[in-house]
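Text of run.txt, listed as compact mmCIF, C-alpha atoms:
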```txt
# COMPACT_ATOMS: atom_id res chain seq x y z
CA MET A 1 53.67 90.14 105.60
CA LYS A 2 55.13 89.83 102.11
CA GLN A 3 58.21 87.61 101.83
CA LEU A 4 61.05 89.74 100.42
CA LYS A 5 63.44 88.38 97.84
CA PRO A 6 67.08 87.97 98.95
CA ILE A 7 69.49 90.72 97.90
CA THR A 8 72.26 89.21 95.77
CA ASN A 9 75.53 90.50 94.37
CA LYS A 10 74.02 90.20 90.89
CA LEU A 11 71.28 92.61 91.91
CA LEU A 12 73.84 95.01 93.39
CA TRP A 13 75.87 94.96 90.15
CA ILE A 14 72.77 95.76 88.11
CA PHE A 15 72.00 98.56 90.53
CA ALA A 16 75.56 99.86 90.07
CA LEU A 17 74.92 100.43 86.35
CA GLY A 18 72.88 103.46 87.32
CA GLN A 19 75.96 104.95 88.96
CA PHE A 20 77.89 104.46 85.73
CA GLY A 21 75.22 106.36 83.83
CA TRP A 22 74.93 109.41 86.02
CA SER A 23 78.70 109.61 86.65
CA LEU A 24 79.29 109.65 82.88
CA LEU A 25 76.90 112.60 82.47
CA SER A 26 78.35 114.35 85.50
CA GLY A 27 81.88 113.74 84.23
CA VAL A 28 81.14 115.25 80.82
CA VAL A 29 79.89 118.45 82.47
CA SER A 30 82.35 118.75 85.36
CA ASN A 31 85.45 117.71 83.40
CA TRP A 32 84.86 119.49 80.10
CA MET A 33 82.53 122.48 80.50
CA VAL A 34 85.23 124.69 82.02
CA TYR A 35 87.73 123.45 79.43
CA TYR A 36 85.55 124.25 76.41
CA TYR A 37 83.92 127.41 77.78
CA THR A 38 87.07 129.08 79.14
CA GLY A 39 90.76 129.12 78.31
CA THR A 40 92.75 129.96 75.20
CA PRO A 41 93.31 127.59 72.23
CA SER A 42 96.84 126.67 71.19
CA ALA A 43 98.40 124.88 68.24
CA GLN A 44 98.72 121.73 70.35
CA ASN A 45 95.21 121.95 71.86
CA PRO A 46 93.01 123.96 69.45
CA ASN A 47 89.75 123.00 71.17
CA THR A 48 90.57 124.72 74.48
CA GLY A 49 88.00 127.48 74.98
CA LEU A 50 86.25 126.57 71.72
CA PHE A 51 82.87 127.84 72.97
CA ALA A 52 84.32 130.70 75.04
CA SER A 53 83.36 133.44 72.59
CA GLY A 54 79.69 132.63 73.07
CA ILE A 55 79.53 133.72 76.73
CA THR A 56 80.84 136.58 78.89
CA GLN A 57 84.47 135.97 79.90
CA ASN A 58 85.63 139.16 81.63
CA PRO A 59 85.49 139.29 85.46
CA ILE A 60 82.29 140.98 86.60
CA LEU A 61 83.03 141.35 90.33
CA PHE A 62 86.58 141.56 91.66
CA LYS A 63 88.10 138.46 89.98
CA LEU A 64 84.87 136.50 89.85
CA THR A 65 83.87 135.46 86.33
CA LEU A 66 80.30 135.01 85.18
CA PHE A 67 81.02 131.43 84.18
CA GLY A 68 82.44 130.63 87.62
CA LEU A 69 79.42 132.19 89.31
CA VAL A 70 77.05 130.25 87.06
CA LEU A 71 78.78 126.98 87.95
CA ALA A 72 78.72 127.88 91.63
CA CYS A 73 75.03 128.82 91.51
CA GLY A 74 74.33 125.49 89.84
CA ARG A 75 76.02 123.60 92.66
CA ILE A 76 74.32 125.70 95.34
CA PHE A 77 70.92 125.16 93.69
CA ASP A 78 71.77 121.46 93.46
CA ALA A 79 72.65 121.37 97.16
CA ILE A 80 69.45 123.16 98.20
CA THR A 81 67.22 120.84 96.19
CA ASP A 82 68.86 117.70 97.61
CA PRO A 83 67.01 117.70 100.97
CA LEU A 84 63.76 118.71 99.26
CA ILE A 85 63.94 115.78 96.83
CA ALA A 86 65.12 113.48 99.64
CA GLY A 87 62.12 114.45 101.77
CA TRP A 88 59.83 113.87 98.79
CA SER A 89 61.39 110.46 98.15
CA ASP A 90 61.45 109.41 101.84
CA GLY A 91 57.76 110.25 102.14
CA ALA A 92 56.70 108.76 98.79
CA ASP A 93 54.36 105.78 98.57
CA TYR A 94 54.23 105.08 94.84
CA LYS A 95 53.24 101.70 93.47
CA GLY A 96 56.80 101.17 92.23
CA GLY A 97 58.36 102.15 95.57
CA ARG A 98 59.93 105.25 97.09
CA ARG A 99 63.02 105.47 94.85
CA ILE A 100 62.70 103.64 91.51
CA PRO A 101 59.87 105.82 90.09
CA PHE A 102 62.14 108.88 90.30
CA MET A 103 64.91 107.07 88.45
CA ARG A 104 62.58 105.96 85.66
CA ALA A 105 61.22 109.47 85.16
CA MET A 106 64.51 111.37 85.23
CA ALA A 107 66.97 109.31 83.16
CA VAL A 108 65.96 110.64 79.72
CA PRO A 109 65.57 114.37 80.57
CA PHE A 110 68.83 114.25 82.54
CA ALA A 111 70.68 112.96 79.46
CA LEU A 112 69.00 115.43 77.08
CA CYS A 113 69.88 118.39 79.29
CA THR A 114 73.54 117.33 79.25
CA ILE A 115 73.55 117.55 75.46
CA GLY A 116 71.80 120.91 75.59
CA LEU A 117 74.58 122.44 77.69
CA PHE A 118 77.01 122.05 74.79
CA VAL A 119 74.56 122.93 72.03
CA LEU A 120 72.06 125.63 72.99
CA PRO A 121 74.18 128.48 74.49
CA GLN A 122 75.68 129.27 71.06
CA THR A 123 73.44 131.97 69.55
CA SER A 124 74.88 135.20 68.13
CA ASN A 125 73.80 137.10 71.28
CA VAL A 126 76.18 136.74 74.25
CA VAL A 127 73.57 137.88 76.81
CA VAL A 128 71.09 135.29 75.54
CA ASN A 129 73.82 132.64 75.73
CA ASP A 130 74.61 133.61 79.33
CA VAL A 131 70.95 133.28 80.32
CA VAL A 132 70.45 130.01 78.45
CA LEU A 133 73.59 128.53 80.01
CA PHE A 134 72.43 129.56 83.49
CA VAL A 135 68.94 128.12 83.06
CA LEU A 136 70.18 124.89 81.50
CA LEU A 137 72.72 124.34 84.26
CA MET A 138 70.04 124.80 86.94
CA VAL A 139 67.80 122.30 85.15
CA PHE A 140 70.71 119.89 84.68
CA TYR A 141 71.44 119.88 88.42
CA LEU A 142 67.75 119.57 89.27
CA PHE A 143 67.39 116.49 87.06
CA MET A 144 70.63 115.03 88.45
CA THR A 145 69.36 115.51 92.00
CA MET A 146 66.01 113.93 91.18
CA PHE A 147 67.79 110.85 89.85
CA CYS A 148 70.75 110.62 92.25
CA THR A 149 69.10 111.37 95.61
CA PRO A 150 66.60 108.46 95.42
CA TYR A 151 69.31 106.32 93.83
CA ASN A 152 71.73 106.99 96.70
CA ALA A 153 69.06 106.18 99.26
CA LEU A 154 68.93 102.66 97.80
CA ILE A 155 72.59 102.19 98.80
CA ALA A 156 71.52 101.95 102.43
CA GLU A 157 68.30 100.05 101.71
CA LEU A 158 69.89 97.42 99.46
CA GLY A 159 72.86 97.32 101.84
CA ASP A 160 70.85 95.46 104.47
CA THR A 161 73.97 94.03 106.12
CA GLN A 162 77.47 95.36 106.73
CA GLN A 163 78.74 92.93 104.09
CA HIS A 164 76.24 94.20 101.52
CA ARG A 165 76.91 97.85 102.42
CA ILE A 166 80.61 97.47 101.70
CA ASN A 167 79.94 95.37 98.58
CA VAL A 168 77.46 97.81 97.04
CA SER A 169 79.80 100.69 97.86
CA THR A 170 82.58 98.82 96.07
CA TYR A 171 80.47 98.10 92.99
CA ILE A 172 79.14 101.65 92.59
CA SER A 173 82.62 103.03 93.13
CA PHE A 174 83.85 100.87 90.25
CA THR A 175 81.05 101.96 87.92
CA PHE A 176 81.50 105.57 89.02
CA ILE A 177 85.15 105.77 88.05
CA VAL A 178 84.49 103.86 84.82
CA GLY A 179 81.88 106.47 83.95
CA GLN A 180 84.20 109.31 84.89
CA SER A 181 87.04 107.72 82.92
CA ILE A 182 84.96 107.31 79.78
CA SER A 183 83.97 110.97 80.03
CA PHE A 184 87.66 111.81 79.57
CA LEU A 185 87.45 110.11 76.16
CA LEU A 186 85.44 113.03 74.82
CA PRO A 187 88.37 114.74 72.98
CA ASN A 188 89.40 111.39 71.49
CA VAL A 189 85.90 110.62 70.21
CA ALA A 190 85.57 114.19 68.94
CA GLY A 191 88.85 113.86 67.08
CA ALA A 192 87.62 110.73 65.32
CA LEU A 193 84.38 112.48 64.30
CA GLU A 194 85.83 115.84 63.34
CA GLY A 195 86.16 114.97 59.65
CA SER A 196 82.42 114.31 59.44
CA PHE A 197 80.98 116.89 61.83
CA GLY A 198 83.55 119.68 62.03
CA GLN A 199 85.40 121.03 65.07
CA ALA A 200 82.43 122.13 67.19
CA GLY A 201 80.00 119.57 65.80
CA SER A 202 82.28 116.67 66.66
CA ILE A 203 82.37 117.71 70.32
CA ARG A 204 78.59 117.99 70.47
CA MET A 205 78.12 114.64 68.74
CA SER A 206 80.56 113.05 71.20
CA VAL A 207 78.53 114.46 74.10
CA ALA A 208 75.34 113.09 72.51
CA ILE A 209 76.83 109.60 72.11
CA MET A 210 78.00 109.53 75.73
CA ALA A 211 74.65 110.85 76.94
CA ALA A 212 72.80 108.07 75.07
CA ILE A 213 75.04 105.40 76.62
CA ALA A 214 74.55 106.94 80.06
CA CYS A 215 70.78 107.06 79.62
CA ILE A 216 70.59 103.35 78.79
CA ALA A 217 72.76 102.53 81.82
CA MET A 218 70.43 104.50 84.10
CA LEU A 219 67.30 102.91 82.68
CA ILE A 220 68.47 99.29 83.09
CA PRO A 221 68.37 99.16 86.92
CA ALA A 222 65.33 101.47 86.98
CA PHE A 223 63.26 98.93 85.04
CA TYR A 224 64.99 95.70 86.12
CA ILE A 225 64.73 96.23 89.88
CA ASN A 226 61.27 95.92 91.40
CA GLU A 227 61.81 97.87 94.60
CA ARG A 228 58.85 96.34 96.44
CA ASP A 229 60.30 92.85 95.95
CA TYR A 230 63.45 93.62 97.97
CA ILE A 231 62.64 96.47 100.34
CA GLU A 232 59.87 96.77 102.89
CA SER A 233 59.73 100.55 103.01
CA LYS A 234 57.47 102.71 105.11
CA PRO A 235 57.04 106.35 104.03
CA SER A 236 58.60 108.82 106.44
CA GLU A 237 56.16 111.31 107.97
CA THR A 238 58.86 113.83 108.90
CA LYS A 239 58.83 117.00 106.80
CA PRO A 240 61.97 117.68 104.71
CA PHE A 241 63.30 120.58 106.78
CA SER A 242 62.70 118.80 110.09
CA SER A 243 64.30 115.66 108.68
CA LEU A 244 67.35 117.65 107.56
CA VAL A 245 67.68 119.22 111.02
CA LYS A 246 67.41 115.79 112.64
CA THR A 247 70.07 114.44 110.29
CA PHE A 248 72.58 117.17 111.07
CA SER A 249 71.85 116.83 114.80
CA ASN A 250 73.59 113.43 114.63
CA VAL A 251 77.05 114.11 116.09
CA GLN A 252 78.88 111.36 114.21
CA PHE A 253 77.27 112.38 110.94
CA ARG A 254 78.43 115.96 111.49
CA HIS A 255 82.00 114.80 112.11
CA PHE A 256 81.86 112.86 108.86
CA VAL A 257 80.40 115.78 106.90
CA TYR A 258 82.94 118.33 108.17
CA SER A 259 85.79 116.35 106.61
CA ASP A 260 83.75 115.33 103.56
CA VAL A 261 82.91 118.89 102.49
CA ILE A 262 86.56 119.92 102.73
CA TYR A 263 87.65 116.84 100.80
CA PHE A 264 85.21 117.55 97.97
CA PHE A 265 86.32 121.17 97.83
CA ALA A 266 89.90 119.98 97.30
CA LEU A 267 88.95 117.20 94.88
CA THR A 268 86.77 119.52 92.78
CA LEU A 269 89.63 122.02 92.46
CA PHE A 270 91.87 119.19 91.28
CA GLN A 271 89.35 117.59 88.89
CA THR A 272 88.37 120.93 87.36
CA GLY A 273 92.01 121.75 86.79
CA LEU A 274 93.13 118.33 85.58
CA ALA A 275 92.88 119.10 81.87
CA PHE A 276 94.72 122.40 82.47
CA TYR A 277 97.45 120.77 84.59
CA GLU A 278 98.12 118.37 81.73
CA THR A 279 97.92 120.84 78.84
CA GLN A 280 99.39 123.93 80.52
CA LEU A 281 101.84 122.63 83.15
CA MET A 282 102.92 119.32 81.61
CA GLU A 283 102.38 120.68 78.07
CA ILE A 284 100.86 117.50 76.68
CA GLU A 285 97.90 117.10 74.31
CA ASP A 286 94.40 116.88 75.80
CA THR A 287 93.88 113.51 74.09
CA TRP A 288 96.31 112.04 76.66
CA THR A 289 93.77 112.81 79.38
CA PHE A 290 91.91 109.56 78.78
CA VAL A 291 95.09 107.44 78.74
CA LEU A 292 96.19 108.88 82.06
CA THR A 293 92.73 108.55 83.57
CA ALA A 294 92.45 104.97 82.30
CA THR A 295 95.81 104.16 83.90
CA MET A 296 94.65 105.63 87.20
CA THR A 297 91.33 103.79 86.96
CA PHE A 298 92.90 100.43 86.10
CA ILE A 299 95.31 100.52 89.03
CA SER A 300 92.54 101.76 91.33
CA VAL A 301 90.23 98.91 90.32
CA CYS A 302 93.03 96.41 90.93
CA LEU A 303 93.18 97.76 94.50
CA TYR A 304 89.43 97.35 95.10
CA PRO A 305 89.62 93.77 96.48
CA ALA A 306 92.32 94.85 98.93
CA VAL A 307 90.29 97.86 100.08
CA ASN A 308 87.16 95.69 100.43
CA ILE A 309 89.00 93.11 102.55
CA LEU A 310 90.93 95.62 104.67
CA ALA A 311 87.79 97.63 105.39
CA LYS A 312 86.18 94.55 106.93
CA LYS A 313 89.31 93.70 108.92
CA ILE A 314 90.68 97.02 110.21
CA GLY A 315 87.71 99.29 109.68
CA LYS A 316 86.81 102.01 107.21
CA LYS A 317 88.03 104.95 109.28
CA GLN A 318 91.74 104.13 109.16
CA LEU A 319 91.68 103.55 105.43
CA ILE A 320 89.79 106.78 104.77
CA ILE A 321 92.38 108.76 106.73
CA ILE A 322 95.15 107.11 104.67
CA GLY A 323 93.22 108.06 101.54
CA PHE A 324 92.98 111.69 102.62
CA PHE A 325 96.71 112.02 103.24
CA ALA A 326 97.52 110.18 100.01
CA TYR A 327 95.40 112.61 97.97
CA ALA A 328 97.08 115.52 99.76
CA CYS A 329 100.43 114.19 98.54
CA VAL A 330 99.07 113.92 94.98
CA PHE A 331 97.94 117.56 95.08
CA LEU A 332 101.35 118.60 96.39
CA VAL A 333 103.16 116.79 93.55
CA THR A 334 100.82 118.46 91.06
CA THR A 335 101.69 121.86 92.50
CA PHE A 336 105.35 121.39 91.60
CA CYS A 337 105.05 119.18 88.52
CA GLY A 338 107.11 120.01 85.45
CA LYS A 339 106.89 119.56 81.70
CA GLY A 340 106.55 116.08 80.24
CA LEU A 341 104.21 113.11 80.04
CA GLN A 342 106.04 111.33 82.85
CA TRP A 343 104.50 113.74 85.37
CA GLY A 344 101.07 112.72 84.21
CA PHE A 345 101.79 109.06 84.85
CA ILE A 346 103.36 109.79 88.26
CA ILE A 347 100.22 111.62 89.36
CA ALA A 348 97.92 108.99 87.82
CA VAL A 349 99.64 106.12 89.64
CA ALA A 350 99.81 107.99 92.96
CA ALA A 351 96.16 109.06 92.78
CA SER A 352 94.94 105.51 92.17
CA ILE A 353 95.40 104.59 95.86
CA PRO A 354 93.21 107.29 97.44
CA MET A 355 90.83 106.98 94.50
CA ALA A 356 90.18 103.35 95.42
CA ILE A 357 89.75 104.08 99.11
CA LEU A 358 87.66 107.23 98.97
CA GLY A 359 85.61 105.99 96.06
CA ILE A 360 84.29 103.07 98.12
CA LEU A 361 84.20 103.74 101.83
CA PRO A 362 82.54 107.12 102.52
CA GLN A 363 79.18 105.91 101.13
CA ALA A 364 79.38 102.90 103.46
CA CYS A 365 79.98 105.24 106.41
CA VAL A 366 76.81 107.20 105.59
CA ALA A 367 74.89 103.94 105.19
CA ASP A 368 76.10 102.84 108.65
CA VAL A 369 74.86 106.05 110.27
CA ALA A 370 71.53 105.81 108.41
CA GLU A 371 71.11 102.18 109.50
CA LEU A 372 71.82 103.02 113.15
CA THR A 373 69.27 105.84 113.04
CA ARG A 374 66.66 103.48 111.56
CA LEU A 375 67.26 100.95 114.32
CA GLU A 376 67.14 103.57 117.08
CA THR A 377 64.10 105.52 115.86
CA GLY A 378 62.17 103.02 113.73
CA GLU A 379 62.04 105.61 110.92
CA ASP A 380 63.92 105.04 107.66
CA ARG A 381 65.32 108.40 106.45
CA SER A 382 68.11 106.98 104.28
CA GLY A 383 67.34 109.42 101.49
CA MET A 384 67.82 112.41 103.77
CA PHE A 385 71.16 111.15 105.12
CA PHE A 386 72.61 110.84 101.63
CA ALA A 387 70.97 114.12 100.60
CA ALA A 388 72.42 115.89 103.64
CA ARG A 389 75.83 114.58 102.72
CA THR A 390 75.51 115.74 99.13
CA PHE A 391 74.03 119.06 100.31
CA ALA A 392 77.20 119.68 102.30
CA PHE A 393 79.79 118.52 99.79
CA LYS A 394 78.07 120.29 96.89
CA MET A 395 78.43 123.53 98.81
CA GLY A 396 82.13 122.71 98.94
CA GLN A 397 82.11 122.03 95.21
CA ALA A 398 80.33 125.33 94.54
CA ILE A 399 82.98 127.25 96.45
CA ALA A 400 85.68 125.31 94.60
CA MET A 401 84.22 126.33 91.23
CA VAL A 402 84.29 130.00 92.22
CA VAL A 403 87.81 129.70 93.62
CA PHE A 404 89.15 127.88 90.54
CA THR A 405 87.72 130.24 87.94
CA SER A 406 88.74 133.27 90.02
CA VAL A 407 92.30 132.13 90.78
CA THR A 408 92.90 131.11 87.15
CA VAL A 409 91.36 134.18 85.51
CA ALA A 410 94.86 135.21 84.35
CA GLN A 411 95.31 131.73 82.78
CA THR A 412 98.97 131.52 83.80
CA LYS A 413 100.92 128.48 84.93
CA GLY A 414 101.32 130.02 88.36
CA SER A 415 97.55 130.39 88.75
CA TYR A 416 96.97 126.72 87.92
CA ARG A 417 99.69 125.67 90.38
CA MET A 418 97.98 127.79 93.03
CA THR A 419 94.75 125.79 92.70
CA ALA A 420 96.64 122.54 93.29
CA ALA A 421 98.36 124.08 96.33
CA ILE A 422 95.02 125.14 97.79
CA ALA A 423 93.72 121.61 97.22
CA PHE A 424 96.73 120.19 99.13
CA VAL A 425 96.22 122.40 102.19
CA THR A 426 92.48 121.82 102.44
CA CYS A 427 92.71 118.06 101.91
CA PHE A 428 95.29 117.84 104.71
CA ILE A 429 92.89 119.67 107.02
CA GLY A 430 90.07 117.32 106.04
CA ALA A 431 92.22 114.31 106.99
CA CYS A 432 92.84 115.75 110.44
CA ILE A 433 89.13 116.38 111.01
CA PHE A 434 88.16 112.81 110.12
CA PHE A 435 89.99 111.54 113.21
CA THR A 436 86.91 112.66 115.20
CA PHE A 437 84.58 110.19 113.43
CA ASN A 438 83.88 107.24 115.78
CA GLU A 439 83.23 104.24 113.56
CA LYS A 440 83.62 101.68 116.36
CA GLN A 441 80.86 103.29 118.38
CA ILE A 442 78.46 103.25 115.41
CA LEU A 443 79.07 99.61 114.44
CA GLY A 444 79.01 98.50 118.07
CA ARG A 445 75.63 100.11 118.61
CA ILE A 446 74.23 98.53 115.41
CA LYS A 447 75.39 95.11 116.57
CA GLU A 448 73.86 95.70 119.99
CA LEU A 449 70.48 96.65 118.54
CA LYS A 450 70.43 93.80 116.04
CA GLY A 451 71.60 91.25 118.58
CA SER A 452 73.03 88.17 116.96
CA GLU A 453 71.83 89.21 113.50
CA GLU A 454 74.62 89.77 110.95
CA ILE A 455 75.48 93.46 110.47
```
Before anything else, please render the file you have as structure tokens.
Amino acid sequence: MKQLKPITNKLLWIFALGQFGWSLLSGVVSNWMVYYYTGTPSAQNPNTGLFASGITQNPILFKLTLFGLVLACGRIFDAITDPLIAGWSDGADYKGGRRIPFMRAMAVPFALCTIGLFVLPQTSNVVVNDVVLFVLLMVFYLFMTMFCTPYNALIAELGDTQQHRINVSTYISFTFIVGQSISFLLPNVAGALEGSFGQAGSIRMSVAIMAAIACIAMLIPAFYINERDYIESKPSETKPFSSLVKTFSNVQFRHFVYSDVIYFFALTLFQTGLAFYETQLMEIEDTWTFVLTATMTFISVCLYPAVNILAKKIGKKQLIIIGFFAYACVFLVTTFCGKGLQWGFIIAVAASIPMAILGILPQACVADVAELTRLETGEDRSGMFFAARTFAFKMGQAIAMVVFTSVTVAQTKGSYRMTAAIAFVTCFIGACIFFTFNEKQILGRIKELKGSEEI
């Protein structure tokens, strides 16, 4: 039997660079597509809705807009492909491993498609633009799934002990929010480039620059990490659909997913509306978005060591519940926020606490359940566990996209406040549901099966 190399924190940090890359691309699309493709420009924020004239804006069914439906379809398509790609990855037996080959193949097309979303749907024909936008968004989510699903499976496989599972979850959470935060710099970068590339061209060039940085970040771990050196993987023989059914038959996993899908519905409403809350409710310039996000990220990162230590001492479940309720309070404050930059900083500081908790610990919970299943069955289906989780929460995100674009079709302050209020109610419900997740039972069973081995 081949002697595996030890998994080190250095390796886990290099692995975490991939999370930075894909979160930057995801952040550019999720944080700015709605902003640039919908809304009305103002003297203070002239780029709002800059590309809106290129696609259909009027509601096509009740209050559902075409753009909202396209975004929702993208998320639904993304969710459906997750278990298919996970099954493919779990059953793969490539020379480079079960996960890394996917990451190497997808990094470049994933980045190029992100650029295309802001460039190609701008012909003189609105119908053509609608079709191009729809197709590109489906391809974007397909490429993201083909990179992220195998990548996420490595969280459990590189997290061979409880210590490593919490550490890798901490590292990828850090790189995730750094990637998301840098995506909020897009208006600032565009502003610096506007003199050379024009109003629309500067935005597209900014997207291209960020996509190039993200692509490099995704390629580094894909080519640095030799999967076979660290992981003794055996291809799963279970078919994707059967594997998905088995995954959801796990009671504790279902309890986790119920709360997770509601949480992501609420968070997606909030994240999609963030630029609007700042520009419409607080009436500040969109270039402040990065400053506020950077403030939130800095404080959140400062809390990471505390979250890491507390998770090992009191358990992940209690902290996650605290995170849920804390986010609910943030959404409530946003609902009633007034005019002025001070509201932005209040929300940024308050959100940093749940951001630190919920950015780290949920992935570790999924890794725990996947590890227990491996020990009990002898079959490693880590990819499917993470895919099943993303399948569920992406359905929540899809619904959130439809709800946001439908509720805010009037583009009034009241409609934006309504989205924050909906986020508050649903996040509160998600917190209550998470009480049913039995972390002690899972960790106790892992310890029992591993005996004296460190978990």
Quick one: axis-aligned box around all listed atoms of segment 126-136 of chain A, 4 Å on every side, centre and edge lengths in Å to one decimal, written as lines of an AutoDock Vina configuration file.
```
center_x = 72.6
center_y = 131.4
center_z = 78.9
size_x = 15.2
size_y = 21.0
size_z = 17.2
```
>> Applying 6 Å and only C-alpha atoms, which residues near segment 168-183 of chain A remain after dropping the ones on its own chain fewer than 2 positions away? List them as a PyMOL selection string.
In response: chain A and resi 12+16+19-20+23-24+27-28+164-166+185-186+293+359-360
> Could you state the separation of atom CA of Val34 of chain A and atom CA of Gly68 of chain A in Å, given to one decimal place?
Replying inline: 8.6 Å
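Using only C-alpha atoms for every distance, the candidate list A:Gly430, A:Pro83, A:Gly273, A:Gly201 yields A:Pro83 as the residue closest to Phe385 of chain A.
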> When you draw a straight line from atom CA of Ser30 of chain A to atom CA of Thr268 of chain A, how long is it in Å?
Replying inline: 8.7 Å
> Nearest to Ile433 of chain A: which of A:Val261, A:Val307, A:Ala43, A:Ala72 is it, counting all atoms listed in the file?
Replying inline: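 The shortest atom-to-atom distance to Ile433 of chain A comes from A:Val261.
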Is there a way to get, as a short mmCIF file (atom, residue, chain, number, x, y, z; two decimals) with C-alpha atoms, keeping the file's coordinate frame, all residues within 9 Å of the point (81.6, 116.9, 94.7) in file coordinates, counting all atoms listed in the file?
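For reference, selection.cif as written:
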```
data_model
loop_
_atom_site.label_atom_id
_atom_site.label_comp_id
_atom_site.auth_asym_id
_atom_site.auth_seq_id
_atom_site.Cartn_x
_atom_site.Cartn_y
_atom_site.Cartn_z
CA ARG A 75 76.02 123.60 92.66
CA VAL A 261 82.91 118.89 102.49
CA TYR A 263 87.65 116.84 100.80
CA PHE A 264 85.21 117.55 97.97
CA PHE A 265 86.32 121.17 97.83
CA LEU A 267 88.95 117.20 94.88
CA THR A 268 86.77 119.52 92.78
CA THR A 390 75.51 115.74 99.13
CA PHE A 393 79.79 118.52 99.79
CA LYS A 394 78.07 120.29 96.89
CA MET A 395 78.43 123.53 98.81
CA GLY A 396 82.13 122.71 98.94
CA GLN A 397 82.11 122.03 95.21
CA ALA A 398 80.33 125.33 94.54
#
```
>> One number please: atom CA of Cys337 of chain A to atom CA of Thr38 of chain A, in Å, one decimal.
In response: 22.6 Å
>> With only C-alpha atoms as the counted atoms, please give the residues lying no more than 12 Å from Ser206 of chain A, apart from itself and same-chain residues fewer than 4 positions off, as a ChimeraX atom specification.
In response: /A:25,28,32,114-115,118-119,182-194,196-202,210-213
> Looking at A:Phe331, A:Phe391, A:Tyr37, A:Phe15, which one is nearest to Leu84 of chain A, with distances taken over only C-alpha atoms?
Replying inline: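 That would be A:Phe391, the residue with the smallest distance to Leu84 of chain A.
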>> Taking all atoms listed in the file into account, name the residue in A:Met384, A:Gln342, A:Phe241, A:Val333 that is nearest to Trp288 of chain A.
In response: A:Gln342
